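Reviewing the structure listed below.
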Amino acid sequence: MIRYTISPDSPAAHIFAVSLEIDHPDPDGQIITLPAWIPGSYMIRDFAKNIVSLSATSGNKAVELVQIDKQSWRVSAVEESLRIDYLVYAWDLSVRAAHLDQTHAYFNGTSVFLKVCGQEDSPAKVVIQAADGMDGWSVATTLKIEKVDQAGYGTYEANNYEDLIDHPVEIGPLTWLDFEAASVPHQMAISGKHYLDQERLKSDLIRICDYHNRFFGLPSPVSRYLFLTMVVGDGYGGLEHKDSCSLLCSRNDLPSKDMDEMTESYRRFLGLCSHEYFHLWNVKRIRPERLKTADLSEEVYTELLWAFEGITSYYDELALTRCGCVTQESYLEMLAQTVTRVMRGPGRHKQSVADSSINAWTKFYKQDENAANAIVSYYAKGALVAFGLDVELRNKSDGRVCLDDLMRKLWVDYGQKDIGVPEEGIKDLAEALCGESLADFFRAYVKGIDELPLQDWFESMGIGMRLRPSLNQKDLGSSRMQQETKPLKHVLGARYQQKGDYIQITSVTEKGAAQKAGLSAGDCIVAVDGLQVKAADLDAFIDRFTPHDVVTLHAFRRDELMTFSFRPQTAKDDTCDLWLLPEDELTDMQKQRRQAWLGQVSD
Ligand code: ZN
């Protein structure tokens, strides 16, 4: 038997105390190790760096430990059971690691549970203990309960190590939302100060969860589901697990009792819930072969993240309108914003979504100021490629099959059978479904960098699309055909923000006006044409000049004042509007397609 006991040892010092008891350690010396990364977040995070002390005992005698590498130790051979005691520093307020203070305790198994090498497939017990000063706190996790008290402290079970690390744990003064979807009990456990309209969120979550279950087909693959939500002043993130997900959101994302409208931030939060819930099938059960057998000590490479994250990103928002949480116009606005994000990155001409997937570990997860020029997001462009595949499947099959059918087939052929999806598996299955070759599509848009024929794709669905210059830095597109305000004509060719009295450049567009003038990310603009300008006014200020004007611009690079001669560039058509084409202008096919696409899920 393997047994872990974890307790919040010192909330003020952010230290969890963990003990690991191994009844039958390896007679040749037991190796223990901590993962370098957490499934779902493809970056080496070296969780073992937070282990601050480690010791081993057997029958009350100290046993020698030798460190083998950055995250593994070998414990000398012992004749009896072995006990490892260690402390873990937990001060990462994200969904990927562990966090402990006086307000709550949160951990992922990958941060706190050492793996007993050779016994990965053995069941384990987890004892979660309370600490002083935690009256009124309760435990939220989907770990299987063996015996716990009313607050959830006690003993849990895991089938094996993979199961052990797939159930994050939140302990704190929690708000619990209980609801049923697809005849399965669901809960949301919320930590952090909030002013939530609980009934409103609950009814939206029921729609979303019901929708996804009907989409893939009942019965639901889970017997219960848990959303763990940490509310902070400013934060955003989510991570999928098999029976739960961890979410981080901003207080203002959540609807308060006096709010009836659908705000952009609440819509985004519902999209996040929808995204992680869709993962319950796509990536947690329909799994890429390469990740199914993943070794968590080092990087694992797949070209399929565009499908597992991109298709999930496509459906997370589409589901919101299909299940009636947002209007079709509201959905088109979200989709237009995705198009805008992709169109603004020159990196889309250099990196395909397959490349973006395989380079997730370094390029996508370690983005710097040049990212937009060099890479493309397998989330955002992946969602557009998913949309294109949806259209292509309809085109090739005369409307007989669409991406919904592909997802259900992936679920039946791979997910339900627990078979990993091979690297070519999605293409092969899509071709089998529509009965035609999709080689050209995958060559051009998945493995290639051809510009997506978005206009044609949207038109076939009865949607109007146009690209135009932005109105200002915040404008990401809309679901309107007409613009009331005039778009910008001349721009800087850089992203920027207010920093004290200066405007700091955050990124410079490749071959844009700012780059041509010699400006770089990090430069702080002091004056434009001899005048101090605020970031909020810079767009309008520059718009008054033309590409024929030479404007003098003063900026600090580090502590050196530099002078630049700058010619504004003509604003690019990089902002997308999408709208429903008027009903009387649609062909029968467009009508049918739009209804099938934006309407309720088909059976
Ligand atoms: Zn995701």
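Identifiers in the structure tokens: chain A, B, ... in order shown; residue index from 1 per chain; ligand index from 1 in order shown.
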Can you tell me which residues come within 9 Å of ligand 1 when counting only C-alpha atoms and all ligand atoms, ideally as an MDAnalysis selection string? chainID A and resid 40:41 238:240 272 275:276 278:279 283 308:310 312:313 379
How would the residues just picked look written out with all heavy atoms as a CSV table (one decimal), in the first residue's frame?
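Result written to result03.csv:
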```
chain,number,residue,atom,x,y,z
A,40,GLY,N,-2.0,19.0,-19.7
A,40,GLY,CA,-2.9,20.1,-20.0
A,40,GLY,C,-2.2,21.4,-20.2
A,40,GLY,O,-2.7,22.3,-20.8
A,41,SER,N,-1.0,21.5,-19.6
A,41,SER,CA,-0.2,22.7,-19.7
A,41,SER,C,1.2,22.3,-20.1
A,41,SER,O,2.0,21.8,-19.3
A,41,SER,CB,-0.2,23.4,-18.3
A,41,SER,OG,0.5,24.7,-18.4
A,238,GLY,N,-7.6,28.3,-16.8
A,238,GLY,CA,-8.3,27.1,-16.6
A,238,GLY,C,-7.4,25.9,-16.9
A,238,GLY,O,-6.5,25.9,-17.7
A,239,LEU,N,-7.7,24.8,-16.2
A,239,LEU,CA,-7.0,23.5,-16.5
A,239,LEU,C,-8.0,22.4,-16.4
A,239,LEU,O,-8.7,22.3,-15.4
A,239,LEU,CB,-5.8,23.3,-15.6
A,239,LEU,CG,-4.8,22.2,-16.1
A,239,LEU,CD1,-4.2,22.5,-17.4
A,239,LEU,CD2,-3.7,22.0,-15.0
A,240,GLU,N,-8.0,21.5,-17.4
A,240,GLU,CA,-9.0,20.4,-17.4
A,240,GLU,C,-8.5,19.2,-16.7
A,240,GLU,O,-7.3,18.9,-16.7
A,240,GLU,CB,-9.2,20.0,-18.9
A,240,GLU,CG,-8.1,19.4,-19.7
A,240,GLU,CD,-7.1,20.4,-20.2
A,240,GLU,OE1,-7.2,21.6,-19.9
A,240,GLU,OE2,-6.2,20.0,-21.0
A,272,LEU,N,-15.0,29.9,-20.7
A,272,LEU,CA,-13.9,29.1,-20.0
A,272,LEU,C,-14.5,27.8,-19.4
A,272,LEU,O,-13.9,26.8,-19.5
A,272,LEU,CB,-13.3,30.0,-18.9
A,272,LEU,CG,-12.1,29.4,-18.1
A,272,LEU,CD1,-10.9,29.1,-19.0
A,272,LEU,CD2,-11.7,30.4,-17.0
A,275,HIS,N,-15.2,25.5,-22.1
A,275,HIS,CA,-14.0,25.0,-22.7
A,275,HIS,C,-13.5,23.8,-21.8
A,275,HIS,O,-13.2,22.7,-22.4
A,275,HIS,CB,-12.9,26.1,-22.7
A,275,HIS,CG,-11.6,25.7,-23.3
A,275,HIS,ND1,-11.2,25.9,-24.6
A,275,HIS,CD2,-10.5,25.1,-22.7
A,275,HIS,CE1,-10.0,25.5,-24.8
A,275,HIS,NE2,-9.6,24.9,-23.7
A,276,GLU,N,-13.4,24.0,-20.5
A,276,GLU,CA,-12.8,22.9,-19.7
A,276,GLU,C,-13.8,21.7,-19.6
A,276,GLU,O,-13.4,20.6,-19.6
A,276,GLU,CB,-12.5,23.4,-18.3
A,276,GLU,CG,-11.6,24.7,-18.2
A,276,GLU,CD,-10.3,24.5,-19.0
A,276,GLU,OE1,-9.9,23.4,-19.3
A,276,GLU,OE2,-9.7,25.6,-19.2
A,278,PHE,N,-15.8,20.8,-22.1
A,278,PHE,CA,-15.6,20.0,-23.4
A,278,PHE,C,-14.4,19.1,-23.4
A,278,PHE,O,-14.4,18.0,-24.0
A,278,PHE,CB,-15.5,21.1,-24.5
A,278,PHE,CG,-15.7,20.5,-25.9
A,278,PHE,CD1,-17.0,20.3,-26.5
A,278,PHE,CD2,-14.6,20.1,-26.7
A,278,PHE,CE1,-17.1,19.8,-27.8
A,278,PHE,CE2,-14.7,19.6,-28.0
A,278,PHE,CZ,-16.0,19.4,-28.5
A,279,HIS,N,-13.4,19.6,-22.7
A,279,HIS,CA,-12.2,18.8,-22.5
A,279,HIS,C,-12.4,17.4,-21.8
A,279,HIS,O,-11.6,16.5,-21.9
A,279,HIS,CB,-11.1,19.5,-21.7
A,279,HIS,CG,-10.2,20.4,-22.5
A,279,HIS,ND1,-9.7,20.0,-23.7
A,279,HIS,CD2,-9.7,21.6,-22.2
A,279,HIS,CE1,-8.9,21.0,-24.1
A,279,HIS,NE2,-8.9,22.0,-23.3
A,283,VAL,N,-9.6,15.4,-25.1
A,283,VAL,CA,-8.2,15.4,-24.5
A,283,VAL,C,-8.1,14.6,-23.3
A,283,VAL,O,-7.1,14.0,-23.0
A,283,VAL,CB,-7.6,16.8,-24.3
A,283,VAL,CG1,-7.7,17.3,-22.9
A,283,VAL,CG2,-6.1,16.8,-24.7
A,308,PHE,N,-6.9,19.3,-30.2
A,308,PHE,CA,-7.4,19.2,-28.9
A,308,PHE,C,-7.6,20.5,-28.2
A,308,PHE,O,-8.6,20.6,-27.4
A,308,PHE,CB,-6.4,18.3,-28.1
A,308,PHE,CG,-6.5,16.8,-28.5
A,308,PHE,CD1,-5.7,16.3,-29.5
A,308,PHE,CD2,-7.5,16.0,-28.1
A,308,PHE,CE1,-5.8,15.1,-30.0
A,308,PHE,CE2,-7.7,14.8,-28.6
A,308,PHE,CZ,-6.8,14.3,-29.6
A,309,GLU,N,-6.9,21.5,-28.5
A,309,GLU,CA,-7.2,22.8,-27.9
A,309,GLU,C,-8.0,23.7,-28.9
A,309,GLU,O,-8.9,24.4,-28.5
A,309,GLU,CB,-5.9,23.6,-27.5
A,309,GLU,CG,-5.2,23.0,-26.3
A,309,GLU,CD,-6.1,23.0,-25.1
A,309,GLU,OE1,-7.1,23.7,-25.0
A,309,GLU,OE2,-5.8,22.2,-24.1
A,310,GLY,N,-7.6,23.6,-30.2
A,310,GLY,CA,-8.3,24.5,-31.2
A,310,GLY,C,-9.8,24.1,-31.4
A,310,GLY,O,-10.7,24.9,-31.4
A,312,THR,N,-11.5,22.4,-29.3
A,312,THR,CA,-12.2,22.8,-28.0
A,312,THR,C,-12.5,24.3,-27.9
A,312,THR,O,-13.6,24.6,-27.5
A,312,THR,CB,-11.3,22.3,-26.8
A,312,THR,OG1,-11.0,20.9,-26.9
A,312,THR,CG2,-12.0,22.6,-25.5
A,313,SER,N,-11.6,25.1,-28.4
A,313,SER,CA,-11.9,26.5,-28.4
A,313,SER,C,-13.0,26.9,-29.4
A,313,SER,O,-13.7,27.8,-29.1
A,313,SER,CB,-10.6,27.3,-28.8
A,313,SER,OG,-9.6,27.1,-27.9
A,379,TYR,N,-4.6,27.7,-30.3
A,379,TYR,CA,-5.9,27.9,-29.7
A,379,TYR,C,-6.7,28.7,-30.8
A,379,TYR,O,-7.7,28.3,-31.3
A,379,TYR,CB,-5.9,28.7,-28.4
A,379,TYR,CG,-5.4,27.9,-27.2
A,379,TYR,CD1,-4.1,27.8,-26.9
A,379,TYR,CD2,-6.4,27.3,-26.4
A,379,TYR,CE1,-3.7,27.1,-25.7
A,379,TYR,CE2,-6.0,26.6,-25.3
A,379,TYR,CZ,-4.7,26.5,-24.9
A,379,TYR,OH,-4.3,25.8,-23.8
```
Quick one: residues within 10 Å of Glu392 (chain A), only C-alpha atoms, excluding same-chain residues fewer than 5 positions away - as an MDAnalysis selection string? chainID A and resid 386:387 397:399 401:403 430 434 438 441 457
Given the selection you just returned, output its residues as a file containing C-alpha atoms, formatted as a compact mmCIF listing (two decimals), in the first residue's frame.
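In the end it all went to again08.txt:
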```txt
# COMPACT_ATOMS: atom_id res chain seq x y z
CA ALA A 386 -11.73 23.72 -36.83
CA PHE A 387 -14.38 26.01 -38.31
CA SER A 397 -20.48 15.47 -48.09
CA ASP A 398 -23.25 17.73 -49.46
CA GLY A 399 -24.18 18.66 -45.92
CA VAL A 401 -21.67 15.28 -42.12
CA CYS A 402 -20.01 18.07 -40.18
CA LEU A 403 -17.44 18.51 -37.41
CA ALA A 430 -12.55 12.90 -41.20
CA CYS A 434 -17.05 12.41 -45.71
CA LEU A 438 -8.94 16.05 -47.24
CA PHE A 441 -7.11 20.98 -46.61
CA TRP A 457 -16.22 29.70 -45.42
```
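Atom pair CA of Leu291 (chain A) / CA of Asp69 (chain A): separated by 23.0 Å.
Nearest-residue note for Ala439 (chain A): choosing from A:Met259, A:Leu332, A:Ile426, A:Ala12, the minimum distance belongs to A:Ile426, counting only C-alpha atoms.
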In region 221-350 of chain A, what's strand (DSSP E) per DSSP? Answer as a VMD selection string? chain A and resid 225 to 232 237 to 240 244 to 250
Those same residues - all heavy atoms - I'd like them written as a compact mmCIF listing (two decimals), in the first residue's frame.
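The resulting file, again31.txt, is shown below:
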```txt
# COMPACT_ATOMS: atom_id res chain seq x y z
N TYR A 225 -19.27 15.74 -11.38
CA TYR A 225 -18.30 16.69 -11.95
C TYR A 225 -18.18 17.89 -11.03
O TYR A 225 -19.16 18.31 -10.40
CB TYR A 225 -18.73 17.14 -13.36
CG TYR A 225 -17.64 17.91 -14.06
CD1 TYR A 225 -16.63 17.24 -14.74
CD2 TYR A 225 -17.59 19.30 -14.00
CE1 TYR A 225 -15.60 17.93 -15.37
CE2 TYR A 225 -16.56 20.00 -14.62
CZ TYR A 225 -15.57 19.31 -15.30
OH TYR A 225 -14.55 20.00 -15.90
N LEU A 226 -16.97 18.42 -10.96
CA LEU A 226 -16.69 19.53 -10.05
C LEU A 226 -15.91 20.64 -10.74
O LEU A 226 -14.87 20.39 -11.36
CB LEU A 226 -15.88 18.99 -8.86
CG LEU A 226 -15.35 19.98 -7.83
CD1 LEU A 226 -16.48 20.66 -7.07
CD2 LEU A 226 -14.41 19.27 -6.85
N PHE A 227 -16.43 21.86 -10.67
CA PHE A 227 -15.68 23.04 -11.10
C PHE A 227 -15.04 23.64 -9.84
O PHE A 227 -15.77 24.00 -8.90
CB PHE A 227 -16.62 24.11 -11.69
CG PHE A 227 -17.28 23.74 -12.99
CD1 PHE A 227 -18.52 23.10 -13.00
CD2 PHE A 227 -16.70 24.06 -14.21
CE1 PHE A 227 -19.16 22.79 -14.20
CE2 PHE A 227 -17.34 23.75 -15.41
CZ PHE A 227 -18.57 23.11 -15.41
N LEU A 228 -13.72 23.76 -9.82
CA LEU A 228 -13.05 24.45 -8.71
C LEU A 228 -12.74 25.85 -9.21
O LEU A 228 -12.01 26.01 -10.19
CB LEU A 228 -11.73 23.75 -8.36
CG LEU A 228 -11.79 22.35 -7.77
CD1 LEU A 228 -10.36 21.82 -7.56
CD2 LEU A 228 -12.52 22.37 -6.44
N THR A 229 -13.31 26.86 -8.56
CA THR A 229 -13.13 28.23 -9.05
C THR A 229 -12.47 29.11 -8.00
O THR A 229 -12.98 29.24 -6.89
CB THR A 229 -14.50 28.83 -9.43
OG1 THR A 229 -15.15 27.95 -10.34
CG2 THR A 229 -14.36 30.19 -10.08
N MET A 230 -11.33 29.68 -8.36
CA MET A 230 -10.66 30.64 -7.47
C MET A 230 -10.96 32.03 -8.00
O MET A 230 -10.66 32.33 -9.16
CB MET A 230 -9.14 30.41 -7.49
CG MET A 230 -8.68 29.15 -6.79
SD MET A 230 -6.86 29.06 -6.76
CE MET A 230 -6.54 28.16 -8.27
N VAL A 231 -11.55 32.87 -7.16
CA VAL A 231 -11.87 34.24 -7.57
C VAL A 231 -10.82 35.19 -7.01
O VAL A 231 -10.55 35.18 -5.80
CB VAL A 231 -13.27 34.64 -7.04
CG1 VAL A 231 -13.64 36.04 -7.52
CG2 VAL A 231 -14.32 33.64 -7.46
N VAL A 232 -10.22 35.99 -7.90
CA VAL A 232 -9.21 36.96 -7.47
C VAL A 232 -9.55 38.32 -8.10
O VAL A 232 -10.49 38.42 -8.89
CB VAL A 232 -7.79 36.51 -7.90
CG1 VAL A 232 -7.38 35.24 -7.19
CG2 VAL A 232 -7.71 36.32 -9.42
N GLY A 237 -7.67 31.82 -16.08
CA GLY A 237 -7.00 30.57 -16.46
C GLY A 237 -7.88 29.38 -16.16
O GLY A 237 -8.82 29.46 -15.37
N GLY A 238 -7.56 28.28 -16.80
CA GLY A 238 -8.31 27.06 -16.55
C GLY A 238 -7.45 25.86 -16.87
O GLY A 238 -6.54 25.95 -17.70
N LEU A 239 -7.72 24.75 -16.19
CA LEU A 239 -7.03 23.51 -16.51
C LEU A 239 -8.01 22.35 -16.36
O LEU A 239 -8.72 22.26 -15.36
CB LEU A 239 -5.81 23.31 -15.61
CG LEU A 239 -4.84 22.22 -16.05
CD1 LEU A 239 -4.21 22.54 -17.41
CD2 LEU A 239 -3.73 22.03 -15.03
N GLU A 240 -8.01 21.50 -17.40
CA GLU A 240 -8.96 20.40 -17.45
C GLU A 240 -8.45 19.18 -16.69
O GLU A 240 -7.26 18.91 -16.68
CB GLU A 240 -9.24 20.03 -18.91
CG GLU A 240 -8.06 19.40 -19.67
CD GLU A 240 -7.08 20.41 -20.24
OE1 GLU A 240 -7.18 21.61 -19.92
OE2 GLU A 240 -6.19 19.99 -21.02
N SER A 244 -13.09 16.91 -13.19
CA SER A 244 -13.18 18.25 -12.61
C SER A 244 -12.35 19.21 -13.46
O SER A 244 -11.69 18.79 -14.41
CB SER A 244 -12.64 18.24 -11.17
OG SER A 244 -11.27 17.90 -11.15
N CYS A 245 -12.39 20.48 -13.09
CA CYS A 245 -11.47 21.42 -13.71
C CYS A 245 -11.15 22.49 -12.68
O CYS A 245 -11.91 22.69 -11.73
CB CYS A 245 -12.05 22.05 -14.97
SG CYS A 245 -13.50 23.06 -14.70
N SER A 246 -10.01 23.13 -12.84
CA SER A 246 -9.64 24.25 -12.00
C SER A 246 -9.78 25.52 -12.82
O SER A 246 -9.31 25.58 -13.95
CB SER A 246 -8.19 24.13 -11.53
OG SER A 246 -8.08 23.12 -10.58
N LEU A 247 -10.42 26.54 -12.24
CA LEU A 247 -10.61 27.80 -12.93
C LEU A 247 -10.09 28.93 -12.06
O LEU A 247 -10.19 28.88 -10.83
CB LEU A 247 -12.09 28.05 -13.21
CG LEU A 247 -12.89 26.95 -13.91
CD1 LEU A 247 -14.37 27.31 -13.91
CD2 LEU A 247 -12.38 26.75 -15.32
N LEU A 248 -9.54 29.94 -12.71
CA LEU A 248 -9.13 31.15 -12.02
C LEU A 248 -9.83 32.29 -12.75
O LEU A 248 -9.76 32.37 -13.98
CB LEU A 248 -7.60 31.30 -12.12
CG LEU A 248 -6.98 32.50 -11.44
CD1 LEU A 248 -7.02 32.33 -9.92
CD2 LEU A 248 -5.51 32.67 -11.87
N CYS A 249 -10.54 33.14 -12.02
CA CYS A 249 -11.22 34.23 -12.71
C CYS A 249 -11.15 35.51 -11.90
O CYS A 249 -10.79 35.51 -10.72
CB CYS A 249 -12.67 33.86 -13.01
SG CYS A 249 -13.73 33.86 -11.56
N SER A 250 -11.48 36.61 -12.57
CA SER A 250 -11.51 37.91 -11.90
C SER A 250 -12.88 38.11 -11.27
O SER A 250 -13.89 37.64 -11.81
CB SER A 250 -11.25 39.03 -12.90
OG SER A 250 -10.03 38.82 -13.55
```
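In this comparison, which uses only C-alpha atoms, the residue of A:Met562, A:Ile22, A:Val528, A:Leu54 approaching Val550 (chain A) most closely is A:Val528.
If you count only C-alpha atoms and ignore residues fewer than 5 places along the chain from Ala571 (chain A), what sits within 9 Å of it is Arg468, Pro469, Ser470, Pro487, Leu488, Lys489, His490, Val491, Leu492 and Gly493 of chain A.
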Selection to disk with all heavy atoms, as a PDB file, in the first residue's frame:
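Output file again_16.pdb follows:
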```pdb
ATOM      1  N   ARG A 468     -11.420  45.261 -41.816  1.00  0.00           N
ATOM      2  CA  ARG A 468     -11.306  46.718 -41.906  1.00  0.00           C
ATOM      3  C   ARG A 468     -10.246  47.174 -40.909  1.00  0.00           C
ATOM      4  O   ARG A 468      -9.859  46.399 -40.028  1.00  0.00           O
ATOM      5  CB  ARG A 468     -12.659  47.360 -41.567  1.00  0.00           C
ATOM      6  CG  ARG A 468     -13.143  46.904 -40.189  1.00  0.00           C
ATOM      7  CD  ARG A 468     -14.244  47.737 -39.605  1.00  0.00           C
ATOM      8  NE  ARG A 468     -14.729  47.130 -38.374  1.00  0.00           N
ATOM      9  CZ  ARG A 468     -14.203  47.327 -37.170  1.00  0.00           C
ATOM     10  NH1 ARG A 468     -13.153  48.117 -37.016  1.00  0.00           N
ATOM     11  NH2 ARG A 468     -14.699  46.735 -36.112  1.00  0.00           N
ATOM     12  N   PRO A 469      -9.793  48.417 -41.019  1.00  0.00           N
ATOM     13  CA  PRO A 469      -8.862  48.923 -40.000  1.00  0.00           C
ATOM     14  C   PRO A 469      -9.572  49.045 -38.654  1.00  0.00           C
ATOM     15  O   PRO A 469     -10.797  49.194 -38.611  1.00  0.00           O
ATOM     16  CB  PRO A 469      -8.487  50.317 -40.522  1.00  0.00           C
ATOM     17  CG  PRO A 469      -8.888  50.332 -41.957  1.00  0.00           C
ATOM     18  CD  PRO A 469     -10.038  49.407 -42.086  1.00  0.00           C
ATOM     19  N   SER A 470      -8.816  48.982 -37.570  1.00  0.00           N
ATOM     20  CA  SER A 470      -9.448  49.061 -36.246  1.00  0.00           C
ATOM     21  C   SER A 470      -9.839  50.495 -35.919  1.00  0.00           C
ATOM     22  O   SER A 470      -9.340  51.453 -36.530  1.00  0.00           O
ATOM     23  CB  SER A 470      -8.511  48.523 -35.182  1.00  0.00           C
ATOM     24  OG  SER A 470      -7.448  49.413 -35.004  1.00  0.00           O
ATOM     25  N   PRO A 487     -12.886  54.297 -38.831  1.00  0.00           N
ATOM     26  CA  PRO A 487     -11.681  53.542 -38.483  1.00  0.00           C
ATOM     27  C   PRO A 487     -10.437  54.420 -38.600  1.00  0.00           C
ATOM     28  O   PRO A 487     -10.453  55.458 -39.266  1.00  0.00           O
ATOM     29  CB  PRO A 487     -11.631  52.427 -39.533  1.00  0.00           C
ATOM     30  CG  PRO A 487     -12.864  52.521 -40.330  1.00  0.00           C
ATOM     31  CD  PRO A 487     -13.493  53.849 -40.076  1.00  0.00           C
ATOM     32  N   LEU A 488      -9.372  53.976 -37.945  1.00  0.00           N
ATOM     33  CA  LEU A 488      -8.108  54.705 -38.024  1.00  0.00           C
ATOM     34  C   LEU A 488      -7.533  54.583 -39.435  1.00  0.00           C
ATOM     35  O   LEU A 488      -7.652  53.542 -40.059  1.00  0.00           O
ATOM     36  CB  LEU A 488      -7.112  54.108 -37.026  1.00  0.00           C
ATOM     37  CG  LEU A 488      -7.479  54.256 -35.545  1.00  0.00           C
ATOM     38  CD1 LEU A 488      -6.549  53.388 -34.708  1.00  0.00           C
ATOM     39  CD2 LEU A 488      -7.382  55.713 -35.118  1.00  0.00           C
ATOM     40  N   LYS A 489      -6.900  55.654 -39.900  1.00  0.00           N
ATOM     41  CA  LYS A 489      -6.276  55.592 -41.223  1.00  0.00           C
ATOM     42  C   LYS A 489      -4.772  55.341 -41.115  1.00  0.00           C
ATOM     43  O   LYS A 489      -4.189  54.635 -41.911  1.00  0.00           O
ATOM     44  CB  LYS A 489      -6.517  56.909 -41.963  1.00  0.00           C
ATOM     45  CG  LYS A 489      -7.930  57.081 -42.501  1.00  0.00           C
ATOM     46  CD  LYS A 489      -7.885  58.068 -43.652  1.00  0.00           C
ATOM     47  CE  LYS A 489      -9.092  58.974 -43.782  1.00  0.00           C
ATOM     48  NZ  LYS A 489      -9.488  59.742 -42.605  1.00  0.00           N
ATOM     49  N   HIS A 490      -4.163  55.954 -40.091  1.00  0.00           N
ATOM     50  CA  HIS A 490      -2.706  55.871 -39.964  1.00  0.00           C
ATOM     51  C   HIS A 490      -2.335  55.465 -38.544  1.00  0.00           C
ATOM     52  O   HIS A 490      -2.888  55.984 -37.582  1.00  0.00           O
ATOM     53  CB  HIS A 490      -2.064  57.216 -40.328  1.00  0.00           C
ATOM     54  CG  HIS A 490      -2.504  57.704 -41.664  1.00  0.00           C
ATOM     55  ND1 HIS A 490      -3.299  58.813 -41.826  1.00  0.00           N
ATOM     56  CD2 HIS A 490      -2.310  57.175 -42.900  1.00  0.00           C
ATOM     57  CE1 HIS A 490      -3.566  58.964 -43.118  1.00  0.00           C
ATOM     58  NE2 HIS A 490      -2.983  57.983 -43.787  1.00  0.00           N
ATOM     59  N   VAL A 491      -1.403  54.531 -38.459  1.00  0.00           N
ATOM     60  CA  VAL A 491      -1.091  53.973 -37.133  1.00  0.00           C
ATOM     61  C   VAL A 491       0.408  53.842 -36.907  1.00  0.00           C
ATOM     62  O   VAL A 491       1.221  54.048 -37.810  1.00  0.00           O
ATOM     63  CB  VAL A 491      -1.760  52.583 -36.947  1.00  0.00           C
ATOM     64  CG1 VAL A 491      -3.269  52.712 -36.926  1.00  0.00           C
ATOM     65  CG2 VAL A 491      -1.320  51.617 -38.034  1.00  0.00           C
ATOM     66  N   LEU A 492       0.743  53.461 -35.652  1.00  0.00           N
ATOM     67  CA  LEU A 492       2.134  53.356 -35.214  1.00  0.00           C
ATOM     68  C   LEU A 492       2.787  52.039 -35.656  1.00  0.00           C
ATOM     69  O   LEU A 492       3.985  51.971 -35.865  1.00  0.00           O
ATOM     70  CB  LEU A 492       2.155  53.473 -33.676  1.00  0.00           C
ATOM     71  CG  LEU A 492       3.473  53.392 -32.931  1.00  0.00           C
ATOM     72  CD1 LEU A 492       4.391  54.550 -33.320  1.00  0.00           C
ATOM     73  CD2 LEU A 492       3.251  53.410 -31.419  1.00  0.00           C
ATOM     74  N   GLY A 493       1.981  50.983 -35.739  1.00  0.00           N
ATOM     75  CA  GLY A 493       2.557  49.665 -36.063  1.00  0.00           C
ATOM     76  C   GLY A 493       3.194  49.032 -34.848  1.00  0.00           C
ATOM     77  O   GLY A 493       4.219  48.364 -34.944  1.00  0.00           O
TER      78      GLY A 493
END
```
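Distance check against Gly382 (chain A) using only C-alpha atoms: of A:Asp135, A:Asp243, A:Asp149, A:Asp355, the minimum falls on A:Asp355.
The residue set within 12 Å of Arg400 (chain A), counting only C-alpha atoms and dropping same-chain residues fewer than 2 places from it, reads Asp390, Val391, Glu392, Leu393, Arg394, Asn395, Lys396, Ser397, Asp398, Cys402, Leu403, Asp404, Asp405, Leu406, Leu433, Cys434, Gly435, Gln592, Arg593 and Ala596 of chain A.
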Using only C-alpha atoms, which protein or nucleic acid residues come within 9 Å of Pro11 (chain A)? Drop anything in the same chain fewer than 3 positions from it, and give the result as JSON, numbers by chain. {"A": [8, 14, 15, 16, 100, 101, 102, 103, 104, 105, 131]}
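CA of Ile32 (chain A) lies 13.2 Å from CA of Leu296 (chain A).
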So how far away is CA of Lys409 (chain A) from CA of Ala432 (chain A), in Å? 10.4 Å
